[in-house]
file protein-v1.txt (compact mmCIF, N, CA and C atoms)
# COMPACT_ATOMS: atom_id res chain seq x y z
N GLN R 1 17.33 6.26 -9.48
CA GLN R 1 16.97 6.29 -8.06
C GLN R 1 15.47 6.04 -7.93
N VAL R 2 15.14 5.03 -7.14
CA VAL R 2 13.73 4.69 -6.94
C VAL R 2 13.14 5.60 -5.87
N GLN R 3 11.99 6.17 -6.19
CA GLN R 3 11.30 7.03 -5.22
C GLN R 3 9.82 6.68 -5.19
N LEU R 4 9.25 6.73 -4.00
CA LEU R 4 7.83 6.53 -3.82
C LEU R 4 7.27 7.75 -3.08
N MET R 5 6.13 8.21 -3.51
CA MET R 5 5.54 9.39 -2.88
C MET R 5 4.05 9.18 -2.70
N GLU R 6 3.61 9.22 -1.44
CA GLU R 6 2.19 9.03 -1.13
C GLU R 6 1.47 10.38 -1.12
N SER R 7 0.18 10.30 -1.39
CA SER R 7 -0.69 11.46 -1.26
C SER R 7 -2.11 10.96 -1.03
N GLY R 8 -2.99 11.89 -0.65
CA GLY R 8 -4.39 11.55 -0.52
C GLY R 8 -4.91 11.37 0.89
N GLY R 9 -4.02 11.45 1.87
CA GLY R 9 -4.48 11.31 3.24
C GLY R 9 -5.32 12.50 3.67
N GLY R 10 -5.95 12.38 4.84
CA GLY R 10 -6.75 13.48 5.34
C GLY R 10 -7.53 13.06 6.57
N SER R 11 -8.43 13.93 6.98
CA SER R 11 -9.28 13.69 8.14
C SER R 11 -10.72 13.50 7.67
N VAL R 12 -11.33 12.39 8.07
CA VAL R 12 -12.70 12.08 7.66
C VAL R 12 -13.49 11.56 8.85
N GLN R 13 -14.79 11.47 8.65
CA GLN R 13 -15.67 10.87 9.65
C GLN R 13 -15.77 9.36 9.40
N ALA R 14 -16.09 8.64 10.45
CA ALA R 14 -16.29 7.19 10.31
C ALA R 14 -17.34 6.91 9.25
N GLY R 15 -17.07 5.90 8.43
CA GLY R 15 -17.97 5.53 7.35
C GLY R 15 -17.63 6.16 6.01
N GLU R 16 -16.82 7.20 6.03
CA GLU R 16 -16.46 7.87 4.79
C GLU R 16 -15.31 7.14 4.08
N SER R 17 -14.92 7.68 2.93
CA SER R 17 -13.91 7.03 2.10
C SER R 17 -12.76 7.97 1.80
N LEU R 18 -11.62 7.39 1.51
CA LEU R 18 -10.45 8.10 1.02
C LEU R 18 -9.76 7.23 0.00
N ARG R 19 -9.05 7.87 -0.93
CA ARG R 19 -8.22 7.13 -1.86
C ARG R 19 -6.79 7.65 -1.75
N LEU R 20 -5.90 6.75 -1.36
CA LEU R 20 -4.48 7.09 -1.28
C LEU R 20 -3.81 6.75 -2.61
N SER R 21 -2.81 7.53 -2.94
CA SER R 21 -2.06 7.33 -4.18
C SER R 21 -0.58 7.20 -3.86
N CYS R 22 0.09 6.29 -4.55
CA CYS R 22 1.54 6.12 -4.42
C CYS R 22 2.15 6.27 -5.80
N LEU R 23 2.90 7.32 -5.99
CA LEU R 23 3.59 7.56 -7.25
C LEU R 23 4.97 6.92 -7.19
N VAL R 24 5.25 6.03 -8.14
CA VAL R 24 6.51 5.30 -8.17
C VAL R 24 7.35 5.81 -9.33
N SER R 25 8.59 6.15 -9.06
CA SER R 25 9.48 6.59 -10.13
C SER R 25 10.83 5.91 -9.99
N GLY R 26 11.49 5.71 -11.12
CA GLY R 26 12.84 5.18 -11.13
C GLY R 26 12.97 3.67 -11.07
N TYR R 27 11.86 2.94 -11.00
CA TYR R 27 11.92 1.47 -10.93
C TYR R 27 11.64 0.91 -12.31
N THR R 28 12.55 0.11 -12.85
CA THR R 28 12.43 -0.32 -14.23
C THR R 28 12.18 -1.82 -14.40
N ARG R 29 12.25 -2.59 -13.34
CA ARG R 29 12.02 -4.02 -13.46
C ARG R 29 10.53 -4.31 -13.57
N THR R 30 10.21 -5.47 -14.16
CA THR R 30 8.80 -5.82 -14.34
C THR R 30 8.23 -6.56 -13.13
N ALA R 31 9.08 -7.12 -12.31
CA ALA R 31 8.63 -7.87 -11.14
C ALA R 31 8.77 -7.01 -9.88
N TYR R 32 7.70 -6.94 -9.12
CA TYR R 32 7.74 -6.16 -7.89
C TYR R 32 6.51 -6.46 -7.06
N SER R 33 6.59 -6.09 -5.82
CA SER R 33 5.42 -6.06 -4.94
C SER R 33 5.34 -4.66 -4.34
N ILE R 34 4.17 -4.13 -4.34
CA ILE R 34 3.94 -2.85 -3.66
C ILE R 34 2.88 -3.08 -2.60
N THR R 35 3.17 -2.64 -1.43
CA THR R 35 2.27 -2.83 -0.29
C THR R 35 2.02 -1.51 0.42
N TRP R 36 0.81 -1.36 0.86
CA TRP R 36 0.46 -0.26 1.74
C TRP R 36 0.59 -0.76 3.18
N PHE R 37 1.40 -0.06 3.94
CA PHE R 37 1.54 -0.31 5.37
C PHE R 37 0.90 0.85 6.13
N ARG R 38 0.64 0.61 7.39
CA ARG R 38 0.20 1.70 8.25
C ARG R 38 0.81 1.53 9.64
N GLN R 39 0.95 2.65 10.31
CA GLN R 39 1.51 2.62 11.65
C GLN R 39 0.81 3.67 12.50
N ALA R 40 0.17 3.19 13.54
CA ALA R 40 -0.48 4.08 14.51
C ALA R 40 0.49 4.35 15.65
N PRO R 41 0.32 5.44 16.36
CA PRO R 41 1.22 5.75 17.47
C PRO R 41 1.28 4.62 18.49
N GLY R 42 2.48 4.21 18.83
CA GLY R 42 2.67 3.17 19.82
C GLY R 42 2.47 1.76 19.31
N LYS R 43 2.20 1.62 18.02
CA LYS R 43 1.97 0.29 17.45
C LYS R 43 3.01 -0.03 16.38
N GLU R 44 3.13 -1.30 16.07
CA GLU R 44 4.05 -1.72 15.02
C GLU R 44 3.47 -1.41 13.64
N ARG R 45 4.37 -1.27 12.69
CA ARG R 45 3.93 -1.06 11.32
C ARG R 45 3.33 -2.36 10.80
N GLU R 46 2.16 -2.26 10.18
CA GLU R 46 1.48 -3.45 9.68
C GLU R 46 1.12 -3.28 8.21
N GLY R 47 1.22 -4.38 7.47
CA GLY R 47 0.81 -4.37 6.08
C GLY R 47 -0.70 -4.50 5.99
N VAL R 48 -1.32 -3.72 5.12
CA VAL R 48 -2.77 -3.80 4.97
C VAL R 48 -3.19 -4.29 3.59
N ALA R 49 -2.44 -3.98 2.53
CA ALA R 49 -2.82 -4.42 1.19
C ALA R 49 -1.57 -4.49 0.32
N SER R 50 -1.43 -5.59 -0.40
CA SER R 50 -0.26 -5.75 -1.26
C SER R 50 -0.68 -6.16 -2.65
N PHE R 51 0.19 -5.80 -3.59
CA PHE R 51 -0.01 -6.14 -5.00
C PHE R 51 1.32 -6.64 -5.54
N SER R 52 1.32 -7.85 -6.12
CA SER R 52 2.53 -8.44 -6.68
C SER R 52 2.31 -8.76 -8.14
N THR R 53 3.34 -8.53 -8.94
CA THR R 53 3.23 -8.83 -10.36
C THR R 53 4.59 -9.12 -10.94
N GLY R 54 4.58 -9.84 -12.08
CA GLY R 54 5.81 -10.04 -12.82
C GLY R 54 6.64 -11.23 -12.40
N TYR R 55 6.13 -12.05 -11.48
CA TYR R 55 6.91 -13.17 -10.99
C TYR R 55 6.56 -14.49 -11.67
N SER R 56 5.48 -14.55 -12.43
CA SER R 56 5.07 -15.81 -13.06
C SER R 56 5.10 -15.67 -14.57
N ARG R 57 5.23 -16.78 -15.24
CA ARG R 57 5.35 -16.78 -16.70
C ARG R 57 4.10 -16.25 -17.39
N ASP R 58 2.94 -16.46 -16.78
CA ASP R 58 1.71 -16.00 -17.41
C ASP R 58 1.40 -14.55 -17.07
N GLY R 59 2.28 -13.90 -16.34
CA GLY R 59 2.07 -12.49 -16.04
C GLY R 59 1.01 -12.21 -15.02
N ALA R 60 0.58 -13.26 -14.31
CA ALA R 60 -0.49 -13.08 -13.33
C ALA R 60 -0.03 -12.18 -12.19
N SER R 61 -0.97 -11.43 -11.68
CA SER R 61 -0.72 -10.60 -10.51
C SER R 61 -1.63 -11.07 -9.38
N VAL R 62 -1.28 -10.71 -8.18
CA VAL R 62 -2.06 -11.15 -7.03
C VAL R 62 -2.12 -10.04 -6.00
N SER R 63 -3.25 -9.94 -5.36
CA SER R 63 -3.45 -8.96 -4.29
C SER R 63 -3.78 -9.68 -3.00
N ASN R 64 -3.32 -9.12 -1.92
CA ASN R 64 -3.61 -9.67 -0.60
C ASN R 64 -4.00 -8.56 0.36
N TYR R 65 -4.82 -8.90 1.33
CA TYR R 65 -5.31 -7.92 2.28
C TYR R 65 -5.22 -8.45 3.71
N ALA R 66 -4.97 -7.56 4.62
CA ALA R 66 -5.07 -7.90 6.03
C ALA R 66 -6.54 -8.14 6.36
N ASP R 67 -6.78 -9.04 7.30
CA ASP R 67 -8.16 -9.37 7.66
C ASP R 67 -8.93 -8.14 8.13
N SER R 68 -8.23 -7.22 8.76
CA SER R 68 -8.89 -6.04 9.32
C SER R 68 -9.44 -5.10 8.26
N VAL R 69 -8.99 -5.22 7.01
CA VAL R 69 -9.44 -4.29 5.96
C VAL R 69 -10.12 -5.00 4.81
N LYS R 70 -10.14 -6.33 4.85
CA LYS R 70 -10.72 -7.10 3.75
C LYS R 70 -12.18 -6.71 3.56
N GLY R 71 -12.53 -6.46 2.31
CA GLY R 71 -13.89 -6.06 2.00
C GLY R 71 -14.13 -4.56 2.06
N ARG R 72 -13.18 -3.82 2.64
CA ARG R 72 -13.31 -2.36 2.74
C ARG R 72 -12.26 -1.63 1.91
N PHE R 73 -11.06 -2.19 1.82
CA PHE R 73 -9.95 -1.56 1.11
C PHE R 73 -9.69 -2.32 -0.18
N THR R 74 -9.30 -1.58 -1.21
CA THR R 74 -8.94 -2.19 -2.49
C THR R 74 -7.66 -1.56 -3.01
N ILE R 75 -6.70 -2.39 -3.37
CA ILE R 75 -5.45 -1.91 -3.96
C ILE R 75 -5.53 -2.07 -5.47
N SER R 76 -5.06 -1.08 -6.20
CA SER R 76 -5.09 -1.15 -7.66
C SER R 76 -3.90 -0.38 -8.21
N ARG R 77 -3.62 -0.59 -9.50
CA ARG R 77 -2.50 0.12 -10.10
C ARG R 77 -2.93 0.79 -11.39
N ASP R 78 -2.20 1.82 -11.73
CA ASP R 78 -2.40 2.56 -12.96
C ASP R 78 -1.03 2.64 -13.62
N ASP R 79 -0.75 1.68 -14.51
CA ASP R 79 0.58 1.62 -15.11
C ASP R 79 0.90 2.86 -15.94
N ALA R 80 -0.10 3.40 -16.56
CA ALA R 80 0.14 4.56 -17.44
C ALA R 80 0.68 5.76 -16.67
N ASN R 81 0.28 5.83 -15.39
CA ASN R 81 0.69 6.97 -14.57
C ASN R 81 1.62 6.57 -13.44
N ASN R 82 2.09 5.31 -13.46
CA ASN R 82 3.04 4.82 -12.45
C ASN R 82 2.51 5.01 -11.03
N ARG R 83 1.25 4.71 -10.84
CA ARG R 83 0.65 4.89 -9.52
C ARG R 83 0.01 3.61 -9.02
N VAL R 84 0.02 3.46 -7.72
CA VAL R 84 -0.71 2.40 -7.04
C VAL R 84 -1.65 3.08 -6.05
N TYR R 85 -2.89 2.65 -6.06
CA TYR R 85 -3.90 3.30 -5.24
C TYR R 85 -4.36 2.38 -4.11
N LEU R 86 -4.83 3.00 -3.06
CA LEU R 86 -5.52 2.27 -2.00
C LEU R 86 -6.85 2.97 -1.78
N GLN R 87 -7.91 2.33 -2.26
CA GLN R 87 -9.25 2.85 -2.03
C GLN R 87 -9.73 2.33 -0.69
N MET R 88 -10.08 3.25 0.19
CA MET R 88 -10.49 2.88 1.55
C MET R 88 -11.93 3.33 1.76
N ASN R 89 -12.81 2.37 1.90
CA ASN R 89 -14.23 2.64 2.13
C ASN R 89 -14.62 2.20 3.53
N GLY R 90 -15.70 2.75 4.03
CA GLY R 90 -16.17 2.35 5.35
C GLY R 90 -15.11 2.55 6.42
N LEU R 91 -14.44 3.69 6.40
CA LEU R 91 -13.34 3.91 7.34
C LEU R 91 -13.83 3.91 8.78
N LYS R 92 -12.97 3.39 9.65
CA LYS R 92 -13.25 3.28 11.08
C LYS R 92 -12.19 4.06 11.86
N PRO R 93 -12.49 4.48 13.07
CA PRO R 93 -11.47 5.18 13.87
C PRO R 93 -10.18 4.37 14.03
N GLU R 94 -10.30 3.05 14.08
CA GLU R 94 -9.10 2.22 14.22
C GLU R 94 -8.24 2.18 12.96
N ASP R 95 -8.71 2.75 11.88
CA ASP R 95 -7.89 2.88 10.66
C ASP R 95 -6.97 4.09 10.74
N THR R 96 -7.12 4.90 11.77
CA THR R 96 -6.27 6.08 11.92
C THR R 96 -4.81 5.67 12.06
N ALA R 97 -3.97 6.21 11.20
CA ALA R 97 -2.54 5.86 11.19
C ALA R 97 -1.84 6.67 10.12
N MET R 98 -0.52 6.59 10.15
CA MET R 98 0.29 7.06 9.02
C MET R 98 0.36 5.90 8.03
N TYR R 99 0.06 6.19 6.79
CA TYR R 99 0.05 5.16 5.75
C TYR R 99 1.26 5.35 4.85
N TYR R 100 1.95 4.24 4.59
CA TYR R 100 3.14 4.24 3.76
C TYR R 100 2.97 3.25 2.60
N CYS R 101 3.53 3.59 1.45
CA CYS R 101 3.66 2.58 0.40
C CYS R 101 5.13 2.17 0.33
N ALA R 102 5.33 0.91 -0.01
CA ALA R 102 6.68 0.36 -0.05
C ALA R 102 6.79 -0.61 -1.21
N LEU R 103 7.99 -0.73 -1.75
CA LEU R 103 8.25 -1.59 -2.90
C LEU R 103 9.29 -2.63 -2.54
N ALA R 104 8.96 -3.89 -2.88
CA ALA R 104 9.90 -5.00 -2.69
C ALA R 104 10.25 -5.59 -4.04
N GLN R 105 11.52 -5.88 -4.24
CA GLN R 105 11.97 -6.43 -5.50
C GLN R 105 11.89 -7.95 -5.55
N THR R 106 11.95 -8.61 -4.41
CA THR R 106 12.09 -10.07 -4.41
C THR R 106 11.10 -10.76 -3.50
N CYS R 107 9.93 -10.21 -3.34
CA CYS R 107 8.90 -10.87 -2.54
C CYS R 107 7.61 -10.91 -3.34
N PHE R 108 6.98 -12.09 -3.37
CA PHE R 108 5.75 -12.26 -4.14
C PHE R 108 4.66 -12.79 -3.24
N GLY R 109 3.47 -12.19 -3.36
CA GLY R 109 2.33 -12.70 -2.62
C GLY R 109 2.06 -11.91 -1.36
N ARG R 110 1.78 -12.62 -0.29
CA ARG R 110 1.39 -11.98 0.96
C ARG R 110 2.65 -11.52 1.71
N CYS R 111 3.20 -10.43 1.25
CA CYS R 111 4.47 -9.92 1.78
C CYS R 111 4.16 -8.76 2.71
N PHE R 112 3.95 -9.04 3.95
CA PHE R 112 3.53 -8.02 4.91
C PHE R 112 4.58 -7.71 5.97
N LYS R 113 5.79 -8.19 5.78
CA LYS R 113 6.85 -7.88 6.73
C LYS R 113 7.63 -6.67 6.24
N PRO R 114 7.71 -5.60 7.01
CA PRO R 114 8.44 -4.41 6.57
C PRO R 114 9.88 -4.71 6.13
N SER R 115 10.51 -5.71 6.74
CA SER R 115 11.89 -6.03 6.41
C SER R 115 12.05 -6.56 5.00
N GLN R 116 10.95 -6.95 4.35
CA GLN R 116 11.01 -7.48 3.00
C GLN R 116 11.07 -6.37 1.94
N TYR R 117 10.96 -5.14 2.37
CA TYR R 117 10.81 -4.03 1.42
C TYR R 117 12.07 -3.21 1.28
N ASP R 118 12.31 -2.78 0.04
CA ASP R 118 13.55 -2.10 -0.30
C ASP R 118 13.41 -0.58 -0.35
N TYR R 119 12.21 -0.13 -0.69
CA TYR R 119 12.00 1.31 -0.86
C TYR R 119 10.70 1.72 -0.17
N TRP R 120 10.72 2.91 0.42
CA TRP R 120 9.58 3.43 1.16
C TRP R 120 9.29 4.87 0.79
N GLY R 121 8.01 5.22 0.87
CA GLY R 121 7.63 6.62 0.76
C GLY R 121 7.68 7.28 2.13
N GLN R 122 7.32 8.55 2.16
CA GLN R 122 7.44 9.32 3.39
C GLN R 122 6.19 9.24 4.27
N GLY R 123 5.11 8.73 3.71
CA GLY R 123 3.89 8.54 4.47
C GLY R 123 2.86 9.64 4.27
N THR R 124 1.60 9.28 4.49
CA THR R 124 0.51 10.24 4.46
C THR R 124 -0.45 9.89 5.61
N GLN R 125 -0.88 10.90 6.34
CA GLN R 125 -1.67 10.68 7.55
C GLN R 125 -3.15 10.51 7.21
N VAL R 126 -3.75 9.50 7.82
CA VAL R 126 -5.20 9.28 7.73
C VAL R 126 -5.76 9.33 9.15
N THR R 127 -6.73 10.19 9.35
CA THR R 127 -7.37 10.32 10.65
C THR R 127 -8.87 10.14 10.49
N VAL R 128 -9.43 9.20 11.24
CA VAL R 128 -10.85 8.91 11.16
C VAL R 128 -11.48 9.17 12.53
N SER R 129 -12.43 10.06 12.56
CA SER R 129 -13.09 10.39 13.82
C SER R 129 -14.48 9.77 13.87
N SER R 130 -14.91 9.49 15.09
CA SER R 130 -16.20 8.81 15.27
C SER R 130 -17.33 9.80 15.39
call {"tool": "encode", "arguments": {"input": "protein-v1.txt", "output": "structure tokens"}}
result
Amino acid sequence: QVQLMESGGGSVQAGESLRLSCLVSGYTRTAYSITWFRQAPGKEREGVASFSTGYSRDGASVSNYADSVKGRFTISRDDANNRVYLQMNGLKPEDTAMYYCALAQTCFGRCFKPSQYDYWGQGTQVTVSS
């Protein structure tokens, strides 16, 4: 059974940083995409950072970012601990949302549509005050 569990959310002031963690268990394939999504009240869920690997012969991986977070957020993985991180620097009040990690088995690259994802975590709240 595949499970994803987010942690690391919290309340911070504008300009500060947070690091979110997504613990992945039960997934045994080498090809996958993991994306961090966020959803603010009254808004649609949007993808902010994705990481894809295992789809090419050379083993290359690729990361993609939404324009709104490019240069501020960084997605990374820790294979030894089965975790994917989202480092968020220079946080802004508009970054306030529930953040989710999700795993897709058959999407590579800029996969920011929620419908492309097979597994989801329960979310972690990020609140940024001005």
call {"tool": "residues_around", "arguments": {"input": "protein-v1.txt", "residues": "range 120-127 of chain R", "least_positions_apart": "4", "cutoff": "6 Å", "atoms": "only C-alpha atoms", "output": "MDAnalysis selection string"}}
result
chainID R and resid 4:7 9:11 96:102
call {"tool": "atom_distance", "arguments": {"input": "protein-v1.txt", "atom1": "atom N of Ser76 in chain R", "atom2": "atom N of Pro41 in chain R"}}
result
24.1 Å
call {"tool": "residues_around", "arguments": {"input": "protein-v1.txt", "residues": "range 105-110 of chain R", "least_positions_apart": "6", "cutoff": "8 Å", "atoms": "all atoms listed in the file", "output": "JSON list (two decimals) with N, CA and C atoms, in the coordinates of the input"}}
result
[["chain", "number", "residue", "atom", "x", "y", "z"],
["R", 31, "ALA", "N", 9.08, -7.12, -12.31],
["R", 31, "ALA", "CA", 8.63, -7.87, -11.14],
["R", 31, "ALA", "C", 8.77, -7.01, -9.88],
["R", 32, "TYR", "N", 7.70, -6.94, -9.12],
["R", 32, "TYR", "CA", 7.74, -6.16, -7.89],
["R", 32, "TYR", "C", 6.51, -6.46, -7.06],
["R", 33, "SER", "N", 6.59, -6.09, -5.82],
["R", 33, "SER", "CA", 5.42, -6.06, -4.94],
["R", 33, "SER", "C", 5.34, -4.66, -4.34],
["R", 34, "ILE", "N", 4.17, -4.13, -4.34],
["R", 34, "ILE", "CA", 3.94, -2.85, -3.66],
["R", 34, "ILE", "C", 2.88, -3.08, -2.60],
["R", 50, "SER", "N", -1.43, -5.59, -0.40],
["R", 50, "SER", "CA", -0.26, -5.75, -1.26],
["R", 50, "SER", "C", -0.68, -6.16, -2.65],
["R", 51, "PHE", "N", 0.19, -5.80, -3.59],
["R", 51, "PHE", "CA", -0.01, -6.14, -5.00],
["R", 51, "PHE", "C", 1.32, -6.64, -5.54],
["R", 52, "SER", "N", 1.32, -7.85, -6.12],
["R", 52, "SER", "CA", 2.53, -8.44, -6.68],
["R", 52, "SER", "C", 2.31, -8.76, -8.14],
["R", 53, "THR", "N", 3.34, -8.53, -8.94],
["R", 53, "THR", "CA", 3.23, -8.83, -10.36],
["R", 53, "THR", "C", 4.59, -9.12, -10.94],
["R", 55, "TYR", "N", 6.13, -12.05, -11.48],
["R", 55, "TYR", "CA", 6.91, -13.17, -10.99],
["R", 55, "TYR", "C", 6.56, -14.49, -11.67],
["R", 61, "SER", "N", -0.97, -11.43, -11.68],
["R", 61, "SER", "CA", -0.72, -10.60, -10.51],
["R", 61, "SER", "C", -1.63, -11.07, -9.38],
["R", 62, "VAL", "N", -1.28, -10.71, -8.18],
["R", 62, "VAL", "CA", -2.06, -11.15, -7.03],
["R", 62, "VAL", "C", -2.12, -10.04, -6.00],
["R", 63, "SER", "N", -3.25, -9.94, -5.36],
["R", 63, "SER", "CA", -3.45, -8.96, -4.29],
["R", 63, "SER", "C", -3.78, -9.68, -3.00],
["R", 64, "ASN", "N", -3.32, -9.12, -1.92],
["R", 64, "ASN", "CA", -3.61, -9.67, -0.60],
["R", 64, "ASN", "C", -4.00, -8.56, 0.36],
["R", 65, "TYR", "N", -4.82, -8.90, 1.33],
["R", 65, "TYR", "CA", -5.31, -7.92, 2.28],
["R", 65, "TYR", "C", -5.22, -8.45, 3.71],
["R", 116, "GLN", "N", 10.95, -6.95, 4.35],
["R", 116, "GLN", "CA", 11.01, -7.48, 3.00],
["R", 116, "GLN", "C", 11.07, -6.37, 1.94],
["R", 117, "TYR", "N", 10.96, -5.14, 2.37],
["R", 117, "TYR", "CA", 10.81, -4.03, 1.42],
["R", 117, "TYR", "C", 12.07, -3.21, 1.28],
["R", 118, "ASP", "N", 12.31, -2.78, 0.04],
["R", 118, "ASP", "CA", 13.55, -2.10, -0.30],
["R", 118, "ASP", "C", 13.41, -0.58, -0.35],
["R", 119, "TYR", "N", 12.21, -0.13, -0.69],
["R", 119, "TYR", "CA", 12.00, 1.31, -0.86],
["R", 119, "TYR", "C", 10.70, 1.72, -0.17]]
call {"tool": "atom_distance", "arguments": {"input": "protein-v1.txt", "atom1": "atom N of Gly71 in chain R", "atom2": "atom C of Asp58 in chain R"}}
result
25.2 Å
call {"tool": "select_by_dssp", "arguments": {"input": "protein-v1.txt", "residues": "chain R", "states": "helix (DSSP H, G or I)", "output": "list of chain:residue names"}}
result
R:Asp79, R:Ala80, R:Asn81, R:Pro93, R:Glu94, R:Asp95, R:Pro114, R:Ser115, R:Gln116
call {"tool": "atom_distance", "arguments": {"input": "protein-v1.txt", "atom1": "atom C of Gly26 in chain R", "atom2": "atom N of Asn89 in chain R"}}
result
28.9 Å
call {"tool": "axis_aligned_box", "arguments": {"input": "protein-v1.txt", "around": "range 41-53 of chain R", "padding_each_side": "8 Å", "output": "lines of an AutoDock Vina configuration file"}}
result
center_x = 0.7
center_y = -1.7
center_z = 4.4
size_x = 23.8
size_y = 30.9
size_z = 46.8
call {"tool": "residues_near_point", "arguments": {"input": "protein-v1.txt", "point": "(-14.4, 6.0, 13.0)", "cutoff": "6.5 Å", "atoms": "only N, CA and C atoms", "output": "mmCIF file with N, CA and C atoms, in the coordinates of the input"}}
result
data_model
loop_
_atom_site.group_PDB
_atom_site.id
_atom_site.type_symbol
_atom_site.label_atom_id
_atom_site.label_comp_id
_atom_site.auth_asym_id
_atom_site.auth_seq_id
_atom_site.Cartn_x
_atom_site.Cartn_y
_atom_site.Cartn_z
ATOM 1 N N GLN R 13 -14.790 11.470 8.650
ATOM 2 C CA GLN R 13 -15.670 10.870 9.650
ATOM 3 C C GLN R 13 -15.770 9.360 9.400
ATOM 4 N N ALA R 14 -16.090 8.640 10.450
ATOM 5 C CA ALA R 14 -16.290 7.190 10.310
ATOM 6 C C ALA R 14 -17.340 6.910 9.250
ATOM 7 N N GLY R 15 -17.070 5.900 8.430
ATOM 8 C CA GLY R 15 -17.970 5.530 7.350
ATOM 9 C C GLY R 15 -17.630 6.160 6.010
ATOM 10 N N LEU R 91 -14.440 3.690 6.400
ATOM 11 C CA LEU R 91 -13.340 3.910 7.340
ATOM 12 C C LEU R 91 -13.830 3.910 8.780
ATOM 13 N N LYS R 92 -12.970 3.390 9.650
ATOM 14 C CA LYS R 92 -13.250 3.280 11.080
ATOM 15 C C LYS R 92 -12.190 4.060 11.860
ATOM 16 N N PRO R 93 -12.490 4.480 13.070
ATOM 17 C CA PRO R 93 -11.470 5.180 13.870
ATOM 18 C C PRO R 93 -10.180 4.370 14.030
ATOM 19 N N GLU R 94 -10.300 3.050 14.080
ATOM 20 C CA GLU R 94 -9.100 2.220 14.220
ATOM 21 C C GLU R 94 -8.240 2.180 12.960
ATOM 22 N N VAL R 128 -9.430 9.200 11.240
ATOM 23 C CA VAL R 128 -10.850 8.910 11.160
ATOM 24 C C VAL R 128 -11.480 9.170 12.530
ATOM 25 N N SER R 129 -12.430 10.060 12.560
ATOM 26 C CA SER R 129 -13.090 10.390 13.820
ATOM 27 C C SER R 129 -14.480 9.770 13.870
ATOM 28 N N SER R 130 -14.910 9.490 15.090
ATOM 29 C CA SER R 130 -16.200 8.810 15.270
ATOM 30 C C SER R 130 -17.330 9.800 15.390
#
call {"tool": "select_by_dssp", "arguments": {"input": "protein-v1.txt", "residues": "chain R", "states": "strand (DSSP E or B)", "output": "ChimeraX atom specification"}}
result
/R:3-7,10-13,18-25,32-39,46-53,62-65,73-78,83-88,97-104,119-120,124-129
call {"tool": "closest_residue", "arguments": {"input": "protein-v1.txt", "among": "R:Val84, R:Ala40, R:Val2, R:Leu103", "to": "Ser25 in chain R", "atoms": "only N, CA and C atoms"}}
result
R:Val2
call {"tool": "residues_around", "arguments": {"input": "protein-v1.txt", "residues": "Gly8 in chain R", "least_positions_apart": "4", "cutoff": "6.5 Å", "atoms": "all atoms listed in the file", "output": "PDB file with N, CA and C atoms, in the frame of the given file"}}
result
ATOM      1  N   LEU R  18     -11.620   7.390   1.510  1.00  0.00           N
ATOM      2  CA  LEU R  18     -10.450   8.100   1.020  1.00  0.00           C
ATOM      3  C   LEU R  18      -9.760   7.230   0.000  1.00  0.00           C
ATOM      4  N   ARG R  19      -9.050   7.870  -0.930  1.00  0.00           N
ATOM      5  CA  ARG R  19      -8.220   7.130  -1.860  1.00  0.00           C
ATOM      6  C   ARG R  19      -6.790   7.650  -1.750  1.00  0.00           C
ATOM      7  N   LEU R  20      -5.900   6.750  -1.360  1.00  0.00           N
ATOM      8  CA  LEU R  20      -4.480   7.090  -1.280  1.00  0.00           C
ATOM      9  C   LEU R  20      -3.810   6.750  -2.610  1.00  0.00           C
ATOM     10  N   SER R  21      -2.810   7.530  -2.940  1.00  0.00           N
ATOM     11  CA  SER R  21      -2.060   7.330  -4.180  1.00  0.00           C
ATOM     12  C   SER R  21      -0.580   7.200  -3.860  1.00  0.00           C
ATOM     13  N   THR R 124       1.600   9.280   4.490  1.00  0.00           N
ATOM     14  CA  THR R 124       0.510  10.240   4.460  1.00  0.00           C
ATOM     15  C   THR R 124      -0.450   9.890   5.610  1.00  0.00           C
TER      16      THR R 124
END
